[in-house]
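Visitor: Hey, dropping upload.pdb in here, PDB, C-alpha atoms, pLDDT in the B column:
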```pdb
ATOM      1  CA  ILE A   2       0.000   0.000   0.000  1.00 91.00           C
ATOM      2  CA  ALA A   3       2.964   2.316   0.629  1.00 92.00           C
ATOM      3  CA  LYS A   4       4.072   1.822  -2.975  1.00 93.00           C
ATOM      4  CA  ILE A   5       0.629   2.675  -4.346  1.00 94.00           C
ATOM      5  CA  ALA A   6       0.344   5.680  -2.034  1.00 95.00           C
ATOM      6  CA  ALA A   7       3.773   6.952  -3.068  1.00 94.00           C
ATOM      7  CA  LYS A   8       2.997   6.443  -6.760  1.00 93.00           C
ATOM      8  CA  HIS A   9      -0.239   8.430  -6.545  1.00 94.00           C
ATOM      9  CA  THR A  10       1.260  11.119  -4.324  1.00 94.00           C
ATOM     10  CA  LEU A  11       4.535  11.647  -6.171  1.00 92.00           C
ATOM     11  CA  GLU A  12       3.661  10.809  -9.772  1.00 90.00           C
ATOM     12  CA  HIS A  13      -0.028  11.695 -10.040  1.00 90.00           C
ATOM     13  CA  ARG A  14       0.113  14.557  -7.498  1.00 93.00           C
ATOM     14  CA  ILE A  15      -3.172  13.708  -5.818  1.00 95.00           C
ATOM     15  CA  LYS A  16      -4.049  13.948  -2.133  1.00 96.00           C
ATOM     16  CA  VAL A  17      -3.937  10.460  -0.627  1.00 97.00           C
ATOM     17  CA  GLY A  18      -5.190   9.342   2.762  1.00 97.00           C
ATOM     18  CA  LEU A  19      -4.350   6.040   4.402  1.00 96.00           C
ATOM     19  CA  ILE A  20      -6.349   3.763   6.660  1.00 95.00           C
ATOM     20  CA  THR A  21      -4.975   0.587   8.162  1.00 93.00           C
ATOM     21  CA  MET A  22      -6.929  -2.251   9.664  1.00 90.00           C
ATOM     22  CA  ASP A  23      -3.733  -4.266  10.169  1.00 82.00           C
ATOM     23  CA  THR A  24      -3.360  -4.088  13.936  1.00 75.00           C
ATOM     24  CA  TYR A  25      -2.580  -7.808  14.236  1.00 73.00           C
ATOM     25  CA  ARG A  26       0.826  -8.033  12.567  1.00 70.00           C
ATOM     26  CA  ILE A  27       3.598  -6.797  14.836  1.00 75.00           C
ATOM     27  CA  GLY A  28       4.984  -3.513  13.568  1.00 79.00           C
ATOM     28  CA  ALA A  29       2.476  -3.154  10.727  1.00 81.00           C
ATOM     29  CA  VAL A  30       1.000   0.146  11.942  1.00 87.00           C
ATOM     30  CA  GLU A  31       4.424   1.576  12.730  1.00 88.00           C
ATOM     31  CA  GLN A  32       5.762   0.617   9.311  1.00 89.00           C
ATOM     32  CA  LEU A  33       2.866   2.273   7.487  1.00 92.00           C
ATOM     33  CA  LYS A  34       3.108   5.294   9.791  1.00 93.00           C
ATOM     34  CA  THR A  35       6.745   5.709   8.767  1.00 93.00           C
ATOM     35  CA  TYR A  36       5.761   5.804   5.092  1.00 93.00           C
ATOM     36  CA  ALA A  37       2.843   8.134   5.846  1.00 94.00           C
ATOM     37  CA  ASP A  38       5.205  10.504   7.647  1.00 95.00           C
ATOM     38  CA  ILE A  39       7.751  10.431   4.819  1.00 94.00           C
ATOM     39  CA  LEU A  40       5.049  11.163   2.243  1.00 94.00           C
ATOM     40  CA  ASN A  41       3.235  13.588   4.558  1.00 96.00           C
ATOM     41  CA  LEU A  42      -0.013  11.604   4.344  1.00 97.00           C
ATOM     42  CA  PRO A  43      -2.741  11.334   6.958  1.00 97.00           C
ATOM     43  CA  LEU A  44      -3.080   7.872   8.496  1.00 97.00           C
ATOM     44  CA  GLU A  45      -5.980   6.472  10.485  1.00 96.00           C
ATOM     45  CA  VAL A  46      -5.941   3.165  12.378  1.00 95.00           C
ATOM     46  CA  VAL A  47      -9.247   1.294  12.645  1.00 93.00           C
ATOM     47  CA  THR A  48     -10.411  -1.901  14.308  1.00 90.00           C
ATOM     48  CA  SER A  49     -14.180  -1.725  13.760  1.00 90.00           C
ATOM     49  CA  LYS A  50     -16.880  -0.691  11.343  1.00 91.00           C
ATOM     50  CA  GLU A  51     -17.630   2.390  13.465  1.00 94.00           C
ATOM     51  CA  GLU A  52     -13.976   3.470  13.475  1.00 94.00           C
ATOM     52  CA  MET A  53     -13.906   2.969   9.698  1.00 94.00           C
ATOM     53  CA  GLU A  54     -16.795   5.409   9.331  1.00 95.00           C
ATOM     54  CA  GLN A  55     -14.999   7.957  11.524  1.00 96.00           C
ATOM     55  CA  ALA A  56     -11.744   7.548   9.615  1.00 96.00           C
ATOM     56  CA  LEU A  57     -13.475   8.008   6.269  1.00 96.00           C
ATOM     57  CA  GLU A  58     -15.078  11.196   7.576  1.00 96.00           C
ATOM     58  CA  LYS A  59     -11.666  12.538   8.673  1.00 97.00           C
ATOM     59  CA  LEU A  60     -10.232  11.778   5.212  1.00 97.00           C
ATOM     60  CA  LYS A  61     -13.163  13.088   3.173  1.00 95.00           C
ATOM     61  CA  ASP A  62     -11.001  15.839   1.625  1.00 96.00           C
ATOM     62  CA  CYS A  63      -8.603  13.303   0.104  1.00 97.00           C
ATOM     63  CA  ASP A  64      -8.781  12.487  -3.591  1.00 96.00           C
ATOM     64  CA  LEU A  65      -7.952   8.848  -2.873  1.00 96.00           C
ATOM     65  CA  VAL A  66      -8.189   6.825   0.320  1.00 96.00           C
ATOM     66  CA  LEU A  67      -6.200   3.597   0.426  1.00 96.00           C
ATOM     67  CA  ILE A  68      -7.135   1.006   3.024  1.00 94.00           C
ATOM     68  CA  ASP A  69      -4.700  -1.636   4.184  1.00 92.00           C
ATOM     69  CA  SER A  70      -6.756  -4.532   5.485  1.00 87.00           C
ATOM     70  CA  THR A  71      -5.348  -7.237   7.661  1.00 74.00           C
ATOM     71  CA  GLY A  72      -3.763 -10.069   5.728  1.00 72.00           C
ATOM     72  CA  ARG A  73      -6.031 -13.013   6.412  1.00 68.00           C
ATOM     73  CA  SER A  74      -5.801 -16.685   5.621  1.00 66.00           C
ATOM     74  CA  SER A  75      -8.308 -17.413   2.891  1.00 64.00           C
ATOM     75  CA  GLN A  76      -9.372 -20.467   4.884  1.00 65.00           C
ATOM     76  CA  MET A  77     -10.474 -18.431   7.926  1.00 69.00           C
ATOM     77  CA  LYS A  78     -13.948 -17.502   6.708  1.00 79.00           C
ATOM     78  CA  ASP A  79     -14.938 -15.796   9.973  1.00 76.00           C
ATOM     79  CA  GLN A  80     -11.964 -13.432   9.636  1.00 78.00           C
ATOM     80  CA  LEU A  81     -12.828 -12.744   6.000  1.00 81.00           C
ATOM     81  CA  LEU A  82     -16.385 -11.905   7.040  1.00 81.00           C
ATOM     82  CA  GLU A  83     -15.042  -9.516   9.698  1.00 84.00           C
ATOM     83  CA  THR A  84     -12.997  -7.721   7.047  1.00 84.00           C
ATOM     84  CA  LYS A  85     -16.003  -7.607   4.729  1.00 86.00           C
ATOM     85  CA  GLU A  86     -18.117  -6.108   7.527  1.00 87.00           C
ATOM     86  CA  ASN A  87     -15.547  -3.382   8.264  1.00 85.00           C
ATOM     87  CA  LEU A  88     -15.406  -2.478   4.568  1.00 88.00           C
ATOM     88  CA  SER A  89     -19.190  -2.516   4.161  1.00 87.00           C
ATOM     89  CA  VAL A  90     -19.498   1.165   5.161  1.00 90.00           C
ATOM     90  CA  ILE A  91     -17.682   2.228   1.981  1.00 91.00           C
ATOM     91  CA  ASP A  92     -20.023   2.998  -0.895  1.00 87.00           C
ATOM     92  CA  GLN A  93     -17.614   3.365  -3.778  1.00 89.00           C
ATOM     93  CA  LYS A  94     -14.644   1.061  -3.447  1.00 92.00           C
ATOM     94  CA  HIS A  95     -12.259  -0.917  -5.555  1.00 95.00           C
ATOM     95  CA  ASN A  96     -11.038  -3.976  -3.636  1.00 94.00           C
ATOM     96  CA  ILE A  97      -7.657  -5.304  -4.665  1.00 94.00           C
ATOM     97  CA  LEU A  98      -6.546  -8.785  -3.672  1.00 94.00           C
ATOM     98  CA  VAL A  99      -2.803  -9.018  -3.062  1.00 94.00           C
ATOM     99  CA  MET A 100      -1.185 -12.374  -3.861  1.00 93.00           C
ATOM    100  CA  SER A 101       2.394 -13.603  -3.921  1.00 92.00           C
ATOM    101  CA  ALA A 102       3.868 -14.812  -7.202  1.00 90.00           C
ATOM    102  CA  THR A 103       5.411 -17.661  -5.205  1.00 91.00           C
ATOM    103  CA  THR A 104       2.002 -19.170  -4.382  1.00 90.00           C
ATOM    104  CA  ARG A 105       1.447 -22.725  -5.661  1.00 89.00           C
ATOM    105  CA  CYS A 106      -1.179 -23.337  -8.343  1.00 87.00           C
ATOM    106  CA  MET A 107      -3.804 -25.065  -6.191  1.00 89.00           C
ATOM    107  CA  ASP A 108      -3.349 -22.468  -3.454  1.00 91.00           C
ATOM    108  CA  VAL A 109      -3.900 -19.686  -6.026  1.00 92.00           C
ATOM    109  CA  LYS A 110      -7.227 -21.273  -6.937  1.00 92.00           C
ATOM    110  CA  LEU A 111      -8.238 -21.680  -3.279  1.00 92.00           C
ATOM    111  CA  ILE A 112      -7.311 -18.087  -2.386  1.00 92.00           C
ATOM    112  CA  LEU A 113      -9.118 -16.618  -5.384  1.00 94.00           C
ATOM    113  CA  ASP A 114     -12.228 -18.681  -4.649  1.00 92.00           C
ATOM    114  CA  ASN A 115     -12.302 -17.971  -0.915  1.00 90.00           C
ATOM    115  CA  TYR A 116     -11.728 -14.224  -1.285  1.00 91.00           C
ATOM    116  CA  LYS A 117     -14.858 -14.021  -3.420  1.00 92.00           C
ATOM    117  CA  LEU A 118     -16.527 -13.891   0.006  1.00 87.00           C
ATOM    118  CA  ILE A 119     -15.195 -10.344   0.428  1.00 89.00           C
ATOM    119  CA  GLY A 120     -15.241  -9.547  -3.250  1.00 89.00           C
ATOM    120  CA  TYR A 121     -12.340  -8.117  -5.203  1.00 94.00           C
ATOM    121  CA  ASP A 122     -12.118  -6.101  -8.391  1.00 95.00           C
ATOM    122  CA  SER A 123      -8.490  -6.647  -9.369  1.00 96.00           C
ATOM    123  CA  ILE A 124      -5.298  -8.354  -8.225  1.00 96.00           C
ATOM    124  CA  ILE A 125      -1.766  -7.321  -7.349  1.00 94.00           C
ATOM    125  CA  LEU A 126       0.865  -9.980  -7.869  1.00 93.00           C
ATOM    126  CA  THR A 127       3.773  -9.421  -5.489  1.00 92.00           C
ATOM    127  CA  LYS A 128       7.253 -10.861  -4.995  1.00 92.00           C
ATOM    128  CA  LEU A 129       8.076 -11.404  -8.655  1.00 89.00           C
ATOM    129  CA  ASP A 130      11.684 -10.852  -7.566  1.00 89.00           C
ATOM    130  CA  GLU A 131      11.496 -13.933  -5.316  1.00 89.00           C
ATOM    131  CA  THR A 132      10.779 -16.513  -8.006  1.00 84.00           C
ATOM    132  CA  GLN A 133      12.033 -17.736 -11.347  1.00 82.00           C
ATOM    133  CA  CYS A 134       8.694 -19.393 -12.161  1.00 79.00           C
ATOM    134  CA  TYR A 135       6.052 -17.004 -13.421  1.00 79.00           C
ATOM    135  CA  GLY A 136       3.241 -19.502 -13.951  1.00 78.00           C
ATOM    136  CA  SER A 137       1.225 -17.792 -11.228  1.00 80.00           C
ATOM    137  CA  ILE A 138       0.504 -15.038 -13.771  1.00 84.00           C
ATOM    138  CA  LEU A 139      -1.225 -17.606 -15.955  1.00 85.00           C
ATOM    139  CA  ASN A 140      -2.875 -19.280 -12.965  1.00 85.00           C
ATOM    140  CA  VAL A 141      -4.411 -16.023 -11.750  1.00 88.00           C
ATOM    141  CA  ASN A 142      -5.763 -15.357 -15.235  1.00 85.00           C
ATOM    142  CA  HIS A 143      -7.066 -18.909 -15.520  1.00 87.00           C
ATOM    143  CA  TYR A 144      -8.846 -19.040 -12.155  1.00 93.00           C
ATOM    144  CA  SER A 145     -10.152 -15.472 -11.995  1.00 93.00           C
ATOM    145  CA  ASP A 146     -11.882 -13.101 -14.356  1.00 93.00           C
ATOM    146  CA  LYS A 147     -10.382 -10.136 -12.492  1.00 95.00           C
ATOM    147  CA  PRO A 148      -7.478  -8.242 -14.034  1.00 94.00           C
ATOM    148  CA  LEU A 149      -3.978  -7.941 -12.669  1.00 94.00           C
ATOM    149  CA  CYS A 150      -3.505  -4.244 -11.916  1.00 94.00           C
ATOM    150  CA  TYR A 151       0.020  -4.086 -10.447  1.00 94.00           C
ATOM    151  CA  LEU A 152       3.166  -6.178 -10.177  1.00 93.00           C
ATOM    152  CA  THR A 153       5.744  -5.729  -7.439  1.00 92.00           C
ATOM    153  CA  THR A 154       9.374  -6.677  -7.755  1.00 89.00           C
ATOM    154  CA  GLY A 155      11.074  -5.749  -4.488  1.00 88.00           C
ATOM    155  CA  GLN A 156      11.068  -3.627  -1.351  1.00 89.00           C
ATOM    156  CA  ILE A 157      11.934  -0.202  -2.759  1.00 86.00           C
ATOM    157  CA  VAL A 158       9.105   2.350  -2.465  1.00 88.00           C
ATOM    158  CA  PRO A 159       7.775   3.387  -4.963  1.00 86.00           C
ATOM    159  CA  GLU A 160      10.158   2.048  -7.621  1.00 86.00           C
ATOM    160  CA  ASP A 161       9.356  -1.651  -7.235  1.00 91.00           C
ATOM    161  CA  ILE A 162       5.726  -1.450  -8.346  1.00 92.00           C
ATOM    162  CA  LYS A 163       4.429  -1.097 -11.859  1.00 90.00           C
ATOM    163  CA  GLU A 164       1.115  -1.321 -13.589  1.00 91.00           C
ATOM    164  CA  ALA A 165       0.461  -4.718 -15.101  1.00 91.00           C
ATOM    165  CA  THR A 166       0.415  -4.431 -18.863  1.00 90.00           C
ATOM    166  CA  MET A 167       0.129  -7.113 -21.495  1.00 88.00           C
ATOM    167  CA  GLU A 168       3.715  -6.391 -22.529  1.00 88.00           C
ATOM    168  CA  ASN A 169       5.320  -6.826 -19.103  1.00 84.00           C
ATOM    169  CA  LEU A 170       3.160  -9.860 -18.266  1.00 85.00           C
ATOM    170  CA  LEU A 171       4.243 -11.548 -21.490  1.00 83.00           C
ATOM    171  CA  GLU A 172       7.876 -10.685 -20.766  1.00 83.00           C
ATOM    172  CA  TYR A 173       7.666 -12.488 -17.435  1.00 80.00           C
ATOM    173  CA  ILE A 174       5.818 -15.491 -18.841  1.00 78.00           C
ATOM    174  CA  PHE A 175       7.929 -16.056 -21.938  1.00 80.00           C
ATOM    175  CA  MET A 176      11.299 -14.597 -21.090  1.00 73.00           C
ATOM    176  CA  GLY A 177      11.423 -14.702 -17.311  1.00 64.00           C
ATOM    177  CA  VAL A 178      12.937 -11.245 -17.115  1.00 54.00           C
ATOM    178  CA  SER A 179      13.101  -9.438 -13.821  1.00 49.00           C
ATOM    179  CA  ALA A 180      12.153  -5.834 -14.052  1.00 46.00           C
TER     180      ALA A 180
END
```
Would you kindly transcribe this structure into structure tokens?
Guide:
Amino acid sequence: IAKIAAKHTLEHRIKVGLITMDTYRIGAVEQLKTYADILNLPLEVVTSKEEMEQALEKLKDCDLVLIDSTGRSSQMKDQLLETKENLSVIDQKHNILVMSATTRCMDVKLILDNYKLIGYDSIILTKLDETQCYGSILNVNHYSDKPLCYLTTGQIVPEDIKEATMENLLEYIFMGVSA
């Protein structure tokens, strides 16, 4: 989310606000707060539907609000439903499912199917720098009708994220280049 926020703030020059629901992972809030401070972006931390409503009200002057939900196992349906409930107060949203390029084929299918419970509009494929096998690009396309919107290739913010285009997807699939 820091990469997307930086891209929109620095390249597109729009006012971005951040909300994080990730209070479970140790250091997650602090890490995002560091990026928010560097980019001079407002950050709200929420743990409930009510707090989400309050945070959205505080960020109503932003052109774009990015929400970092808690990474959840796709097999924990009760946790997925909790995330869905917290996001239900948002009228216009574009949910993006983030998946690792290192995920095995059958796990890709399971994740894509189970996250339909929340609903997602597009997919980010991460960690392309951590694999030499790019079949997950084909697997995502095979098991989902949702488009890939971004690819990430490392830890550098915002350089290691790029929009997924037919050209760079084909480069990974057929040539295995790292970009």
Visitor: Would you list the residues near (-4.8, -11.1, -5.4), meaning any protein, DNA or RNA residue with an atom at most 9 Å from that point in file coordinates, counting only C-alpha atoms, as a ChimeraX atom specification?
Guide: /A:97-101,109,112-113,116,121,123-127,141,149
Visitor: Quick one: everything within 12 Å of Ile157 of chain A, counting only C-alpha atoms, minus sequence neighbours fewer than 2 positions away in the same chain. Send it as a list in words.
Guide: Ala3, Lys4, Ile5, Ala7, Lys8, Tyr36, Lys128, Asp130, Thr153, Thr154, Gly155, Pro159, Glu160, Asp161, Ile162 and Lys163 of chain A
Visitor: Please indicate the distance in Å from atom CA of Asn142 of chain A to atom CA of Thr71 of chain A, rounded to one decimal place.
Guide: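 So the answer is 24.3 Å.
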Visitor: Go through the shown structure with the PyMOL selection byres ((chain A and resi 70) around 6) and write out the matching residues as a PyMOL selection string.
Guide: chain A and resi 22-23+69+71
Visitor: Write out as an MDAnalysis selection string which residues come within 8 Å of segment 102-105 of chain A when counting only C-alpha atoms, dropping same-chain ones fewer than 5 positions away.
Guide: chainID A and resid 126:129 131:132 134:135 137:138
Visitor: Which residues, written as an mmCIF file with C-alpha atoms, in the frame of the given file, have at least one atom at most 12 Å from Gln55 of chain A, with only C-alpha atoms counted and residues fewer than 2 positions away on the same chain left out?
Guide:
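Ended up saving to part-v3.cif:
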```cif
data_model
loop_
_atom_site.group_PDB
_atom_site.id
_atom_site.type_symbol
_atom_site.label_atom_id
_atom_site.label_comp_id
_atom_site.auth_asym_id
_atom_site.auth_seq_id
_atom_site.Cartn_x
_atom_site.Cartn_y
_atom_site.Cartn_z
ATOM 1 C CA ILE A 20 -6.349 3.763 6.660
ATOM 2 C CA GLU A 45 -5.980 6.472 10.485
ATOM 3 C CA VAL A 46 -5.941 3.165 12.378
ATOM 4 C CA VAL A 47 -9.247 1.294 12.645
ATOM 5 C CA THR A 48 -10.411 -1.901 14.308
ATOM 6 C CA SER A 49 -14.180 -1.725 13.760
ATOM 7 C CA LYS A 50 -16.880 -0.691 11.343
ATOM 8 C CA GLU A 51 -17.630 2.390 13.465
ATOM 9 C CA GLU A 52 -13.976 3.470 13.475
ATOM 10 C CA MET A 53 -13.906 2.969 9.698
ATOM 11 C CA LEU A 57 -13.475 8.008 6.269
ATOM 12 C CA GLU A 58 -15.078 11.196 7.576
ATOM 13 C CA LYS A 59 -11.666 12.538 8.673
ATOM 14 C CA LEU A 60 -10.232 11.778 5.212
ATOM 15 C CA LYS A 61 -13.163 13.088 3.173
ATOM 16 C CA ASN A 87 -15.547 -3.382 8.264
ATOM 17 C CA VAL A 90 -19.498 1.165 5.161
ATOM 18 C CA ILE A 91 -17.682 2.228 1.981
#
```
Visitor: Would you work out the distance separating atom CA of Lys16 of chain A from atom CA of Ala37 of chain A, expressed in Å to one decimal?
Guide: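 Value for the atom CA of Lys16 of chain A-atom CA of Ala37 of chain A distance: 12.0 Å.
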Visitor: With the file shown as input, list the residues that the PyMOL selection byres ((chain A and resi 165) around 7) selects, as a list of chain:residue names.
Guide: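 Listing what the PyMOL selection byres ((chain A and resi 165) around 7) selects in the shown file: A:Leu149, A:Cys150, A:Tyr151, A:Leu152, A:Lys163, A:Glu164, A:Thr166, A:Met167, A:Asn169, A:Leu170.
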Visitor: From (-10.4, 2.4, -7.4), in the file's coordinates, out to 10 Å: which residues are reached, counting only C-alpha atoms? Answer as a ChimeraX atom specification.
Guide: /A:65-67,93-97,122-123
Visitor: Please write the residues from the selection above to a file, keeping C-alpha atoms, as a short mmCIF file (atom, residue, chain, number, x, y, z; two decimals), in the frame of the given file.
Guide:
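Wrote it out as result_24.cif, contents follow:
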```cif
data_model
loop_
_atom_site.label_atom_id
_atom_site.label_comp_id
_atom_site.auth_asym_id
_atom_site.auth_seq_id
_atom_site.Cartn_x
_atom_site.Cartn_y
_atom_site.Cartn_z
CA LEU A 65 -7.95 8.85 -2.87
CA VAL A 66 -8.19 6.82 0.32
CA LEU A 67 -6.20 3.60 0.43
CA GLN A 93 -17.61 3.36 -3.78
CA LYS A 94 -14.64 1.06 -3.45
CA HIS A 95 -12.26 -0.92 -5.56
CA ASN A 96 -11.04 -3.98 -3.64
CA ILE A 97 -7.66 -5.30 -4.66
CA ASP A 122 -12.12 -6.10 -8.39
CA SER A 123 -8.49 -6.65 -9.37
#
```
Visitor: Just the number, please: distance in Å from atom CA of Asn41 of chain A to atom CA of Tyr25 of chain A, one decimal.
Guide: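 We find that atom CA of Asn41 of chain A and atom CA of Tyr25 of chain A lie 24.2 Å from each other.
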Visitor: Using only C-alpha atoms, pick whichever of A:Lys78, A:Lys34, A:Lys85, A:Arg14 has the shortest atom-to-atom distance to Asn115 of chain A.
Guide: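 Closest candidate: A:Lys78.
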Visitor: Could you add the missing atoms to segment 54-63 of chain A, up to all heavy atoms, and return them as a short mmCIF file (atom, residue, chain, number, x, y, z; two decimals), in the frame of the given file?
Guide:
```
data_model
loop_
_atom_site.label_atom_id
_atom_site.label_comp_id
_atom_site.auth_asym_id
_atom_site.auth_seq_id
_atom_site.Cartn_x
_atom_site.Cartn_y
_atom_site.Cartn_z
N GLU A 54 -15.95 4.27 9.69
CA GLU A 54 -16.80 5.41 9.33
C GLU A 54 -16.17 6.73 9.78
O GLU A 54 -16.14 7.70 9.03
CB GLU A 54 -18.20 5.26 9.95
CG GLU A 54 -19.01 4.17 9.31
CD GLU A 54 -20.34 3.94 10.01
OE1 GLU A 54 -20.37 3.85 11.26
OE2 GLU A 54 -21.35 3.84 9.30
N GLN A 55 -15.64 6.75 11.00
CA GLN A 55 -15.00 7.96 11.52
C GLN A 55 -13.75 8.31 10.72
O GLN A 55 -13.51 9.48 10.41
CB GLN A 55 -14.65 7.77 13.00
CG GLN A 55 -15.85 7.62 13.90
CD GLN A 55 -15.51 7.11 15.29
OE1 GLN A 55 -14.35 6.88 15.62
NE2 GLN A 55 -16.54 6.89 16.11
N ALA A 56 -12.97 7.31 10.38
CA ALA A 56 -11.74 7.55 9.62
C ALA A 56 -12.07 8.09 8.23
O ALA A 56 -11.42 9.03 7.75
CB ALA A 56 -10.94 6.25 9.50
N LEU A 57 -13.08 7.53 7.59
CA LEU A 57 -13.48 8.01 6.27
C LEU A 57 -13.95 9.46 6.33
O LEU A 57 -13.66 10.25 5.43
CB LEU A 57 -14.57 7.11 5.69
CG LEU A 57 -14.11 5.71 5.27
CD1 LEU A 57 -15.31 4.82 5.00
CD2 LEU A 57 -13.19 5.78 4.06
N GLU A 58 -14.63 9.81 7.40
CA GLU A 58 -15.08 11.20 7.58
C GLU A 58 -13.87 12.13 7.72
O GLU A 58 -13.84 13.21 7.12
CB GLU A 58 -16.00 11.30 8.80
CG GLU A 58 -16.51 12.70 9.08
CD GLU A 58 -17.36 13.29 7.97
OE1 GLU A 58 -18.01 12.53 7.21
OE2 GLU A 58 -17.37 14.53 7.84
N LYS A 59 -12.87 11.72 8.48
CA LYS A 59 -11.67 12.54 8.67
C LYS A 59 -10.90 12.73 7.36
O LYS A 59 -10.23 13.74 7.17
CB LYS A 59 -10.73 11.90 9.70
CG LYS A 59 -11.22 11.99 11.12
CD LYS A 59 -10.23 11.33 12.06
CE LYS A 59 -10.75 11.29 13.48
NZ LYS A 59 -9.83 10.56 14.39
N LEU A 60 -11.00 11.75 6.46
CA LEU A 60 -10.23 11.78 5.21
C LEU A 60 -11.08 12.19 4.01
O LEU A 60 -10.67 12.01 2.87
CB LEU A 60 -9.59 10.40 4.96
CG LEU A 60 -8.62 9.92 6.04
CD1 LEU A 60 -8.16 8.50 5.75
CD2 LEU A 60 -7.44 10.85 6.18
N LYS A 61 -12.23 12.78 4.27
CA LYS A 61 -13.16 13.09 3.17
C LYS A 61 -12.61 14.09 2.17
O LYS A 61 -13.06 14.15 1.04
CB LYS A 61 -14.50 13.58 3.73
CG LYS A 61 -14.44 14.91 4.42
CD LYS A 61 -15.79 15.31 4.97
CE LYS A 61 -15.66 16.63 5.72
NZ LYS A 61 -16.89 16.95 6.42
N ASP A 62 -11.59 14.87 2.55
CA ASP A 62 -11.00 15.84 1.62
C ASP A 62 -9.92 15.23 0.73
O ASP A 62 -9.37 15.91 -0.14
CB ASP A 62 -10.42 17.02 2.40
CG ASP A 62 -11.49 17.86 3.07
OD1 ASP A 62 -12.64 17.87 2.56
OD2 ASP A 62 -11.20 18.47 4.10
N CYS A 63 -9.62 13.98 0.92
CA CYS A 63 -8.60 13.30 0.10
C CYS A 63 -9.21 12.89 -1.24
O CYS A 63 -10.37 12.53 -1.33
CB CYS A 63 -8.07 12.07 0.83
SG CYS A 63 -7.12 12.47 2.31
#
```
